Amino acid sequence: MNTPRLRVNPIACSGHGLCAELLPELISLDEWGYPVIAGQAVPPRLAREARRAVTDCPALALRLVPSPAPGRGPAPAGRPGAAR
Amino acid sequence: MHQIMSSTALWYASRATGVVSLVLLSAVMIIGILVNRQGRLPGLPRFAVLGLHRNLSLLAVAFVAVHVLTAVADSYVSISLAAIVIPFVSAYEPLWLGLGAVSLDLMAAIIVTSLLRRHLGRRTWRAVHWLAYASWPVAVVHSVFSSKDLQSGPLLYLALACIAAVIGALAWRVARARAAIPRAGRVPGLMGDPSALARAGDR
Amino acid sequence: MSAMTASSTLPEESPAGGLPRLLPPPGRRGDLASHLAAHGPVPYRGQARALIPEVRAAGLTGRGGAAFPVHRKLETVAAARPGRAVVVGNGAEGEPASHKDQALLRLAPHLVLDGLQLAAEAVGAGRAVLYVRRDVRARARLDDQISQRSARGLDRAAVELVSAPARFLAGEESALASLVSGTAAVPRFTPPRVFERGVDGRPTLVQNVETLAHLALIARYGPDWFRSVGTPDEPGTMLCTLSRADGSVNVAEAIIGTPLASLLDSPGASAVLVGGYHGAWVPADRVPWLTLSNAALRPAGAFTGAGVLAALPADRCGVVESARVARYLALESAGQCGPCLNGLPSIAAAMGELSGLTSEGGWGGGRADPRVLDNLGRWAGLVEGRGACHHPDGTVRFLRSALQVFADEVRQHLQGRCTAASGAAFLPVPAGPSAEEDWS
């Protein structure tokens, strides 16, 4: 896995906030307690902390994904409101 | 005489470590029940609370291990190695001891899946972890009935305190869950009070 | 039935203007007999994948809002084992300002059903579903039409009708797959996308009903015919829902690239909402320069989306209207993701403060605090991209365009004035779910 990135599953995430405590360099909490993840790749010196954050998330909502992100796929103009 | 005495020592060790295990497991349950979503234990960062939960459970495993091994080693009563994990096969108190084996089996599943949680996926891990709600009461019944220790005196009060604490924690969490509006239904309420919006979270 | 390739004959009525294609010409009814007389039976190819090169050549893109190339979705889903894939025709139309899918299902249901069959054949599907709004009469009509087709042996795949809940997000593809699988119609975390794992974990092709109707015509008349109108990058026609400033609303079929002004001839409009509630506002004086195509609309910050073109009357206030829509969009959050669940109500409440919107729905007067704009900016940045679906992103896009296009009105509100002569709601905003958990 070259230059992995952190990605959170926002549905599973319930705002425990452990990830931000373990990895403040890459994760901060918004005003509602949910993680804001810096989009860049995890630097090697933080790889261990990142793996720990992934393992320790009580909701198992955090994951390490390879770059570039599979993301939400094509269609940046995707509109869930209209019938697709 | 010496043989009886060392046997008695092992038997006492088993009973003592059993009591400690019960207390530790109750503490593990309480931490697991209370710390949910954005709640925290005052004064401790969240990862420390998780660490406490995990370390206490591993400590409990150590005490349970001593508890079962001294019970087997002791010749005062007949408990085979197999009876540790296979319920109801021991010669001594097969029912109550068997419940201990049941609790231990469930605990083993919980611990193993927790060690491997990163690879298991959310749903699997959660489903097994919920077995704690079966494992702990079974352990309590095993503790109270497999010897008379917890049925009178200070140990009785200790047992009652553990039970009350876990039930209390559970009641508090159930009450909070009942009062909490499910996420999707929370939106209309959040719309009413702009100043509440900044404070609102997934409490 | 022998395999059929695209016929070189043109459709029976093919006026020089190229329209209409999907909607039947006046005088023709939408019943099966008329459909068969005009278009003939379903032109099956006789094997999976055979249709896909024609779809690629035609350049058909999705008409549900995302404009994703149809052939690529077909190719991905067709890679599944025969009989494993699921195809779903998406007619949920959760967008309140859009009526095109309902109109199409009423006026030309058999084109949609033909397209569903062709798509099912192309991907080797084992299951075909038509996902429609929860409307008893419309559903009964469709039930009847499906039975007639199967009585005649027209359909090779049995079509199941599934009713969608009346929610804005009901048409979102993962919410749709979720409902058809038997759980709540709420979006799911992706990846995997539904074309990898969708209904019951199977690769699922989700296409808007209009897209399927176009597919049915391409299969008969060929990619060249399809490309004979429209632009090279965006060929063909699309259905639009036109709402004029005088309150009249109709669905029309338009050739892509048509000037907006000729489509939406609405004097007395101050701005036009393009795309829908996840789309963008465009000021009226820019409309004469715009055509119905993404190439023309993108520089204006908009896109064709699901073909909604709604003109705002000059006697209404765009800030108040947008605040009302923002409130609706916040209420339509699935409430699964913290940033959306918290952020959209915050944003909606701030829009409410800015616009002075009362609970009765009109302007209540009062001067808005300028800090509201700072909050809006901050919250908009906080919700974008942080939900499992694009609901927060679309809402932010809509509101950013509103604050930009209606900057003058915003200034008025900050000084305690509103330019609207009428406080009545113009854009349609449904009352909301009857039950809190009405997601199934």
# chains A, B, ... in the order shown; residues from 1 in each chain; ligands from 1
call {"tool": "interface_residues", "arguments": {"of": "chain A", "to": "chain B", "cutoff": "8 Å", "atoms": "only C-alpha atoms", "output": "mmCIF file with C-alpha atoms, in the first residue's frame"}}
result
data_model
loop_
_atom_site.group_PDB
_atom_site.id
_atom_site.type_symbol
_atom_site.label_atom_id
_atom_site.label_comp_id
_atom_site.auth_asym_id
_atom_site.auth_seq_id
_atom_site.Cartn_x
_atom_site.Cartn_y
_atom_site.Cartn_z
ATOM 1 C CA SER A 14 -20.666 8.442 15.950
ATOM 2 C CA GLY A 15 -18.185 11.066 17.023
ATOM 3 C CA HIS A 16 -16.258 9.261 19.758
ATOM 4 C CA GLY A 17 -13.239 11.383 18.941
ATOM 5 C CA LEU A 18 -10.486 8.887 19.742
ATOM 6 C CA GLU A 21 -6.740 12.321 20.190
ATOM 7 C CA LEU A 22 -4.423 9.702 18.730
ATOM 8 C CA GLU A 31 -17.763 21.816 16.246
ATOM 9 C CA TRP A 32 -20.118 18.851 16.457
ATOM 10 C CA GLY A 33 -17.451 16.358 17.462
ATOM 11 C CA VAL A 54 -8.014 2.585 12.785
ATOM 12 C CA THR A 55 -7.896 -0.329 15.237
ATOM 13 C CA ASP A 56 -9.059 1.665 18.226
ATOM 14 C CA ALA A 59 -17.202 2.265 15.783
ATOM 15 C CA LEU A 60 -14.593 0.828 13.392
ATOM 16 C CA ALA A 61 -15.434 3.780 11.167
#
call {"tool": "residues_around", "arguments": {"residues": "segment 133-139 of chain B", "least_positions_apart": "3", "cutoff": "7 Å", "atoms": "only C-alpha atoms", "output": "NGL selection string"}}
result
:B and (99-100 or 103 or 106-107 or 130 or 142-143)
call {"tool": "write_last_selection", "arguments": {"atoms": "C-alpha atoms", "output": "CSV table (one decimal), in the first residue's frame"}}
result
chain,number,residue,atom,x,y,z
B,99,LEU,CA,-22.2,-22.0,33.5
B,100,GLY,CA,-18.6,-20.8,34.3
B,103,SER,CA,-19.2,-17.6,30.4
B,106,LEU,CA,-18.3,-16.4,25.4
B,107,MET,CA,-15.4,-14.3,26.9
B,130,TRP,CA,-22.8,-8.0,22.5
B,142,HIS,CA,-21.8,-19.2,38.3
B,143,SER,CA,-20.0,-17.2,41.0
call {"tool": "interface_residues", "arguments": {"of": "chain C", "to": "chain A", "cutoff": "6 Å", "atoms": "only C-alpha atoms", "output": "list of chain:residue names"}}
result
C:Gly64, C:Gly65, C:Ala66, C:Asn90, C:Ala92, C:Glu93, C:Gly94, C:Glu95, C:Phe168, C:Leu169, C:Gly171, C:Glu172, C:Thr190, C:Gln207, C:Asn208, C:Gln336, C:Cys337, C:Gly387, C:Ala388
call {"tool": "write_last_selection", "arguments": {"atoms": "N, CA and C atoms", "output": "short mmCIF file (atom, residue, chain, number, x, y, z; two decimals), in the first residue's frame"}}
result
data_model
loop_
_atom_site.label_atom_id
_atom_site.label_comp_id
_atom_site.auth_asym_id
_atom_site.auth_seq_id
_atom_site.Cartn_x
_atom_site.Cartn_y
_atom_site.Cartn_z
N GLY C 64 -30.79 11.15 -15.00
CA GLY C 64 -31.25 11.29 -13.63
C GLY C 64 -30.60 12.43 -12.89
N GLY C 65 -29.62 13.06 -13.53
CA GLY C 65 -28.96 14.17 -12.88
C GLY C 65 -27.44 14.10 -12.93
N ALA C 66 -26.89 12.91 -12.91
CA ALA C 66 -25.44 12.78 -12.87
C ALA C 66 -24.80 12.73 -14.25
N ASN C 90 -35.25 3.75 -12.37
CA ASN C 90 -35.46 4.66 -11.24
C ASN C 90 -36.44 5.76 -11.60
N ALA C 92 -38.27 7.28 -9.05
CA ALA C 92 -38.68 7.80 -7.74
C ALA C 92 -38.90 9.31 -7.77
N GLU C 93 -38.08 10.02 -8.51
CA GLU C 93 -38.24 11.46 -8.67
C GLU C 93 -38.51 12.17 -7.34
N GLY C 94 -37.53 12.08 -6.45
CA GLY C 94 -37.71 12.71 -5.15
C GLY C 94 -37.61 14.22 -5.20
N GLU C 95 -37.16 14.77 -6.30
CA GLU C 95 -37.00 16.22 -6.45
C GLU C 95 -38.39 16.85 -6.61
N PHE C 168 -36.80 12.99 -0.53
CA PHE C 168 -35.90 13.58 -1.50
C PHE C 168 -34.80 12.61 -1.89
N LEU C 169 -34.28 11.86 -0.92
CA LEU C 169 -33.16 10.97 -1.19
C LEU C 169 -33.59 9.58 -1.64
N GLY C 171 -34.44 8.49 -4.38
CA GLY C 171 -33.90 8.12 -5.69
C GLY C 171 -32.40 7.97 -5.72
N GLU C 172 -31.75 8.23 -4.63
CA GLU C 172 -30.29 8.08 -4.58
C GLU C 172 -29.98 6.60 -4.76
N THR C 190 -20.18 4.30 0.40
CA THR C 190 -19.56 3.71 -0.79
C THR C 190 -18.07 4.01 -0.78
N GLN C 207 -30.76 2.95 -13.56
CA GLN C 207 -30.89 3.98 -14.60
C GLN C 207 -32.21 4.70 -14.43
N ASN C 208 -32.16 5.99 -14.61
CA ASN C 208 -33.36 6.80 -14.59
C ASN C 208 -34.32 6.32 -15.68
N GLN C 336 -27.91 10.28 9.02
CA GLN C 336 -26.97 9.21 9.36
C GLN C 336 -25.57 9.72 9.65
N CYS C 337 -25.23 10.83 9.06
CA CYS C 337 -23.86 11.33 9.15
C CYS C 337 -23.86 12.61 9.97
N GLY C 387 -20.42 13.77 3.98
CA GLY C 387 -21.53 12.86 4.16
C GLY C 387 -21.29 11.60 3.34
N ALA C 388 -22.12 10.62 3.55
CA ALA C 388 -21.97 9.39 2.77
C ALA C 388 -22.51 9.57 1.35
#
call {"tool": "select_by_dssp", "arguments": {"residues": "segment 115-265 of chain C", "states": "helix (DSSP H, G or I)", "output": "ChimeraX atom specification"}}
result
/C:115-123,136-151,168-171,173-180,199-201,209-227,260-263
call {"tool": "closest_atom_pairs", "arguments": {"of": "chain C", "to": "chain B", "cutoff": "9 Å", "atoms": "only C-alpha atoms", "output": "CSV"}}
result
residue,atom,partner,partner_atom,distance
C:Arg327,CA,B:Met191,CA,8.0
C:Ala330,CA,B:Val187,CA,7.1
C:Leu331,CA,B:Val187,CA,5.9
C:Glu332,CA,B:Val187,CA,8.6
C:Ser333,CA,B:Ala184,CA,7.2
C:Ala334,CA,B:Ala184,CA,5.6
C:Gly335,CA,B:Ala184,CA,4.1
C:Gln336,CA,B:Arg183,CA,6.5
C:Cys337,CA,B:Arg183,CA,8.8
C:Gly338,CA,B:Asp202,CA,6.9
C:Leu341,CA,B:Val187,CA,6.6
C:Asn342,CA,B:Gly201,CA,6.8
C:Gly343,CA,B:Leu197,CA,8.3
C:Leu344,CA,B:Val187,CA,8.6
C:Pro345,CA,B:Met191,CA,5.3
C:Ser346,CA,B:Leu197,CA,5.7
C:Ala348,CA,B:Met191,CA,7.3
C:Ala349,CA,B:Pro194,CA,5.8
C:Ala350,CA,B:Pro194,CA,7.3
C:Glu353,CA,B:Pro194,CA,8.6
C:Glu436,CA,B:Gly185,CA,5.3
C:Glu437,CA,B:Gly185,CA,6.9
call {"tool": "residues_around", "arguments": {"residues": "Thr17 of chain B", "least_positions_apart": "5", "cutoff": "8 Å", "atoms": "only C-alpha atoms", "output": "PyMOL selection string"}}
result
chain B and resi 63-64+66-67
call {"tool": "write_last_selection", "arguments": {"atoms": "C-alpha atoms", "output": "short mmCIF file (atom, residue, chain, number, x, y, z; two decimals), in the first residue's frame"}}
result
data_model
loop_
_atom_site.label_atom_id
_atom_site.label_comp_id
_atom_site.auth_asym_id
_atom_site.auth_seq_id
_atom_site.Cartn_x
_atom_site.Cartn_y
_atom_site.Cartn_z
CA PHE B 63 -7.30 -13.77 36.92
CA VAL B 64 -9.83 -16.08 35.28
CA VAL B 66 -5.52 -18.60 37.44
CA HIS B 67 -9.02 -19.20 38.78
#
call {"tool": "closest_residue", "arguments": {"among": "B:Phe88, B:Leu44, B:Ala108, B:Ser21", "to": "Leu59 of chain B", "atoms": "only C-alpha atoms"}}
result
B:Ser21
call {"tool": "residues_around", "arguments": {"residues": "Leu170 of chain B", "least_positions_apart": "6", "cutoff": "10 Å", "atoms": "only C-alpha atoms", "output": "number ranges by chain"}}
result
B: 29-30, 32-34, 164, 176
call {"tool": "atom_distance", "arguments": {"atom1": "atom CA of Pro41 of chain C", "atom2": "atom CA of Pro26 of chain C"}}
result
21.6 Å
call {"tool": "residues_around", "arguments": {"residues": "Thr419 of chain C", "least_positions_apart": "4", "cutoff": "12 Å", "atoms": "only C-alpha atoms", "output": "list of chain:residue names"}}
result
C:Ser270, C:Pro313, C:Ala314, C:Asp315, C:Arg316, C:Cys317, C:Gly318, C:Val319, C:Val320, C:Ser355, C:Trp363, C:Gly365, C:Phe406, C:Asp408, C:Glu409, C:Val410, C:Arg411, C:Gln412, C:His413, C:Gln415, C:Gly423
call {"tool": "residues_around", "arguments": {"residues": "Val136 of chain C", "least_positions_apart": "3", "cutoff": "12 Å", "atoms": "only C-alpha atoms", "output": "VMD selection string"}}
result
chain C and resid 132 to 133 139 to 143 161 to 164
call {"tool": "closest_residue", "arguments": {"among": "C:Gly257, C:Pro82, C:Gly230, C:Gly236", "to": "Gly126 of chain C", "atoms": "only C-alpha atoms"}}
result
C:Pro82
call {"tool": "residues_around", "arguments": {"residues": "Tyr277 of chain C", "least_positions_apart": "3", "cutoff": "9 Å", "atoms": "only C-alpha atoms", "output": "list of chain:residue names"}}
result
A:Gly81, A:Ala82, C:Glu95, C:Pro96, C:Ala97, C:Leu273, C:Val274, C:Ala280, C:Val308, C:Val325, C:Ala326, C:Leu329, C:Gly394, C:Thr395, C:Phe398
call {"tool": "write_last_selection", "arguments": {"atoms": "N, CA and C atoms", "output": "mmCIF file, in the first residue's frame"}}
result
data_model
loop_
_atom_site.group_PDB
_atom_site.id
_atom_site.type_symbol
_atom_site.label_atom_id
_atom_site.label_comp_id
_atom_site.auth_asym_id
_atom_site.auth_seq_id
_atom_site.Cartn_x
_atom_site.Cartn_y
_atom_site.Cartn_z
ATOM 1 N N GLY A 81 -30.744 13.794 -5.085
ATOM 2 C CA GLY A 81 -32.137 14.204 -5.003
ATOM 3 C C GLY A 81 -32.933 13.786 -6.213
ATOM 4 N N ALA A 82 -32.323 13.894 -7.367
ATOM 5 C CA ALA A 82 -33.063 13.515 -8.566
ATOM 6 C C ALA A 82 -32.914 12.035 -8.801
ATOM 7 N N GLU C 95 -37.158 14.774 -6.300
ATOM 8 C CA GLU C 95 -37.005 16.216 -6.451
ATOM 9 C C GLU C 95 -38.392 16.853 -6.608
ATOM 10 N N PRO C 96 -38.830 17.698 -5.693
ATOM 11 C CA PRO C 96 -40.195 18.236 -5.770
ATOM 12 C C PRO C 96 -40.448 19.064 -7.023
ATOM 13 N N ALA C 97 -39.386 19.729 -7.536
ATOM 14 C CA ALA C 97 -39.605 20.606 -8.680
ATOM 15 C C ALA C 97 -39.575 19.855 -10.004
ATOM 16 N N LEU C 273 -33.858 28.888 -11.522
ATOM 17 C CA LEU C 273 -33.182 27.777 -10.861
ATOM 18 C C LEU C 273 -32.984 26.672 -11.887
ATOM 19 N N VAL C 274 -31.738 26.296 -12.081
ATOM 20 C CA VAL C 274 -31.417 25.292 -13.099
ATOM 21 C C VAL C 274 -30.986 24.001 -12.422
ATOM 22 N N ALA C 280 -28.377 25.118 -9.272
ATOM 23 C CA ALA C 280 -27.890 26.465 -9.009
ATOM 24 C C ALA C 280 -28.812 27.503 -9.623
ATOM 25 N N VAL C 308 -34.670 20.490 -14.454
ATOM 26 C CA VAL C 308 -35.587 21.443 -13.838
ATOM 27 C C VAL C 308 -35.182 22.858 -14.255
ATOM 28 N N VAL C 325 -36.362 26.380 0.855
ATOM 29 C CA VAL C 325 -35.836 25.135 0.277
ATOM 30 C C VAL C 325 -34.756 24.550 1.191
ATOM 31 N N ALA C 326 -33.932 25.426 1.767
ATOM 32 C CA ALA C 326 -32.873 24.945 2.657
ATOM 33 C C ALA C 326 -33.475 24.196 3.841
ATOM 34 N N LEU C 329 -34.518 20.828 2.622
ATOM 35 C CA LEU C 329 -33.375 19.940 2.401
ATOM 36 C C LEU C 329 -32.798 19.444 3.725
ATOM 37 N N GLY C 394 -24.802 19.003 -2.552
ATOM 38 C CA GLY C 394 -25.793 19.634 -3.425
ATOM 39 C C GLY C 394 -26.475 20.803 -2.732
ATOM 40 N N THR C 395 -26.749 20.627 -1.445
ATOM 41 C CA THR C 395 -27.397 21.708 -0.691
ATOM 42 C C THR C 395 -26.490 22.930 -0.644
ATOM 43 N N PHE C 398 -26.449 24.723 -4.007
ATOM 44 C CA PHE C 398 -27.675 25.492 -4.191
ATOM 45 C C PHE C 398 -27.600 26.806 -3.414
#
call {"tool": "closest_residue", "arguments": {"among": "B:Ala101, B:Val128, B:Cys162, B:Val174", "to": "Ser146 of chain B", "atoms": "only C-alpha atoms"}}
result
B:Ala101
call {"tool": "atom_distance", "arguments": {"atom1": "atom CA of Pro235 of chain C", "atom2": "atom CA of Ile255 of chain C"}}
result
8.3 Å
call {"tool": "decode", "arguments": {"residues": "segment 386-405 of chain C", "atoms": "N, CA and C atoms", "output": "short mmCIF file (atom, residue, chain, number, x, y, z; two decimals), in the first residue's frame"}}
result
data_model
loop_
_atom_site.label_atom_id
_atom_site.label_comp_id
_atom_site.auth_asym_id
_atom_site.auth_seq_id
_atom_site.Cartn_x
_atom_site.Cartn_y
_atom_site.Cartn_z
N ARG C 386 -18.50 15.60 3.42
CA ARG C 386 -18.35 14.82 4.64
C ARG C 386 -19.56 13.96 4.97
N GLY C 387 -20.42 13.77 3.98
CA GLY C 387 -21.53 12.86 4.16
C GLY C 387 -21.29 11.60 3.34
N ALA C 388 -22.12 10.62 3.55
CA ALA C 388 -21.97 9.39 2.77
C ALA C 388 -22.51 9.57 1.35
N CYS C 389 -23.41 10.52 1.16
CA CYS C 389 -23.95 10.78 -0.17
C CYS C 389 -23.70 12.25 -0.51
N HIS C 390 -24.26 12.69 -1.60
CA HIS C 390 -24.00 14.06 -2.05
C HIS C 390 -25.04 15.07 -1.59
N HIS C 391 -25.87 14.67 -0.64
CA HIS C 391 -26.91 15.60 -0.19
C HIS C 391 -26.33 16.90 0.38
N PRO C 392 -25.34 16.81 1.28
CA PRO C 392 -24.79 18.08 1.79
C PRO C 392 -24.11 18.89 0.69
N ASP C 393 -23.42 18.20 -0.23
CA ASP C 393 -22.73 18.92 -1.30
C ASP C 393 -23.72 19.68 -2.17
N GLY C 394 -24.80 19.00 -2.55
CA GLY C 394 -25.79 19.63 -3.43
C GLY C 394 -26.48 20.80 -2.73
N THR C 395 -26.75 20.63 -1.45
CA THR C 395 -27.40 21.71 -0.69
C THR C 395 -26.49 22.93 -0.64
N VAL C 396 -25.22 22.70 -0.42
CA VAL C 396 -24.28 23.81 -0.36
C VAL C 396 -24.17 24.49 -1.72
N ARG C 397 -24.14 23.72 -2.77
CA ARG C 397 -24.07 24.30 -4.11
C ARG C 397 -25.27 25.22 -4.36
N PHE C 398 -26.45 24.72 -4.01
CA PHE C 398 -27.68 25.49 -4.19
C PHE C 398 -27.60 26.81 -3.41
N LEU C 399 -27.19 26.72 -2.15
CA LEU C 399 -27.20 27.93 -1.32
C LEU C 399 -26.11 28.90 -1.71
N ARG C 400 -24.94 28.40 -2.07
CA ARG C 400 -23.87 29.31 -2.50
C ARG C 400 -24.34 30.11 -3.71
N SER C 401 -25.00 29.42 -4.65
CA SER C 401 -25.46 30.15 -5.83
C SER C 401 -26.54 31.15 -5.43
N ALA C 402 -27.37 30.79 -4.45
CA ALA C 402 -28.41 31.73 -4.02
C ALA C 402 -27.79 33.00 -3.44
N LEU C 403 -26.81 32.83 -2.56
CA LEU C 403 -26.21 33.99 -1.92
C LEU C 403 -25.47 34.87 -2.92
N GLN C 404 -25.00 34.22 -3.99
CA GLN C 404 -24.29 35.00 -5.00
C GLN C 404 -25.28 35.73 -5.91
N VAL C 405 -26.24 35.00 -6.42
CA VAL C 405 -27.18 35.59 -7.37
C VAL C 405 -28.10 36.61 -6.69
#
